[in-house]
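Enquirer: Quick one: the structure is below, questions incoming.
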Amino acid sequence: MKFESVGKNIRRYRKEKKMSQEKLAEMAYLSPTYLGMIERADKTPSLTTLVNIANALNVTADMLLCDVLNRHNEIRSSLTFDNINKLSEKEKERIYAIIEAFLKYSE
């Protein structure tokens with residue numbers, strides 16, 4: 001199984017939180033070098049390491065694993081819905097209109 005996306009997801013959430021590799025490594029009880037290897041997919045993290053990283057980033061493990069799990073589309077839908085809920089009411093209406101138009105014309 002390919003785990004490159006796990007490292008990419010870790011990097012993405014780390015950068016979204018404006019966290020350096022050094023800071024995340026410290027919070028997850030890792031060396032910065034090892035964290036870099038995980039982000040580049042040179043190493044596959046153990047379950048304990050993955051949990052420590054998720055906790056340090058304040059994200060769920062499924063957010064980090066969503067691209068490698070069999071139910072990834074369900075997880076992605078849930079994450080997308082969470083992001084939509086963060087939008088203003090006007091932005092939500094625009095998103096829903098786009099989705100409804102897509103569904104209408106894709107039948």
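We label chains A, B, ... in the order they appear in the structure tokens, count residues from 1 in each chain, and number ligands from 1 in the order shown.
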Show which residues sit within 10 Å of Met63 (chain A), as a VMD selection string. Count only C-alpha atoms, and ignore same-chain residues fewer than 6 positions away.

Expert: chain A and resid 6 9 to 10 13 54 72 75 to 76 78 to 79

Enquirer: Could you tell me which of A:Tyr29, A:Ser77, A:Lys8, A:Ser88 comes closest to Val51 (chain A) if we count only C-alpha atoms?

Expert: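 Among the listed residues, A:Tyr29 lies closest to Val51 (chain A).
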
Enquirer: Can you tell me how far CA of Leu35 (chain A) sits from CA of Glu22 (chain A), in Å to one decimal?

Expert: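 Between CA of Leu35 (chain A) and CA of Glu22 (chain A) the gap is 8.5 Å.
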
Enquirer: Work out how far CA of Leu65 (chain A) is from CA of Ile95 (chain A), in Å to one decimal.

Expert: 25.6 Å

Enquirer: Could you jot down the CA of Leu24 (chain A) to CA of Leu57 (chain A) separation for me, Å, one decimal place?

Expert: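 Answer for the CA of Leu24 (chain A) to CA of Leu57 (chain A) separation: 7.5 Å.
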
Enquirer: From the list A:Glu100, A:Arg94, A:Met27, A:Ile38, which residue is nearest Asn52 (chain A) when using only C-alpha atoms?

Expert: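 That would be A:Met27, the residue with the smallest distance to Asn52 (chain A).
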
Enquirer: Counting only C-alpha atoms, what is within 12 Å of Arg12 (chain A), bar same-chain residues fewer than 2 positions away, as a VMD selection string?

Expert: chain A and resid 5 to 10 14 to 21 39 to 40 57 59 63 to 64

Enquirer: Could you please take those selected residues and save C-alpha atoms as a PDB file, in the first residue's frame?

Expert:
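result-v7.pdb was written with the following content:
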ATOM      1  CA  SER A   5      -0.221  10.726   0.804  1.00  0.00           C
ATOM      2  CA  VAL A   6       0.039  10.311   4.585  1.00  0.00           C
ATOM      3  CA  GLY A   7       3.258  12.313   4.608  1.00  0.00           C
ATOM      4  CA  LYS A   8       1.743  14.884   2.251  1.00  0.00           C
ATOM      5  CA  ASN A   9      -1.277  15.227   4.528  1.00  0.00           C
ATOM      6  CA  ILE A  10       0.959  15.677   7.576  1.00  0.00           C
ATOM      7  CA  ARG A  14       1.477  21.329   9.553  1.00  0.00           C
ATOM      8  CA  LYS A  15       1.757  24.193   7.075  1.00  0.00           C
ATOM      9  CA  GLU A  16      -1.910  25.162   7.513  1.00  0.00           C
ATOM     10  CA  LYS A  17      -1.158  25.550  11.210  1.00  0.00           C
ATOM     11  CA  LYS A  18       1.986  27.541  10.371  1.00  0.00           C
ATOM     12  CA  MET A  19       4.084  25.053  12.317  1.00  0.00           C
ATOM     13  CA  SER A  20       7.717  24.297  11.558  1.00  0.00           C
ATOM     14  CA  GLN A  21       8.941  20.730  11.219  1.00  0.00           C
ATOM     15  CA  GLU A  39       6.637  13.713   5.201  1.00  0.00           C
ATOM     16  CA  ARG A  40       8.719  12.600   2.192  1.00  0.00           C
ATOM     17  CA  LEU A  57      -1.621  18.760  14.813  1.00  0.00           C
ATOM     18  CA  VAL A  59      -6.433  16.510  13.662  1.00  0.00           C
ATOM     19  CA  MET A  63      -7.662  13.066   8.228  1.00  0.00           C
ATOM     20  CA  LEU A  64      -4.063  11.920   7.816  1.00  0.00           C
TER      21      LEU A  64
END

Enquirer: Check the DSSP output for the backbone and give back, as a PyMOL selection string, the residues of chain A in helix (DSSP H, G or I).

Expert: chain A and resi 4-16+21-27+32-39+47-57+61-65+72-85+89-105
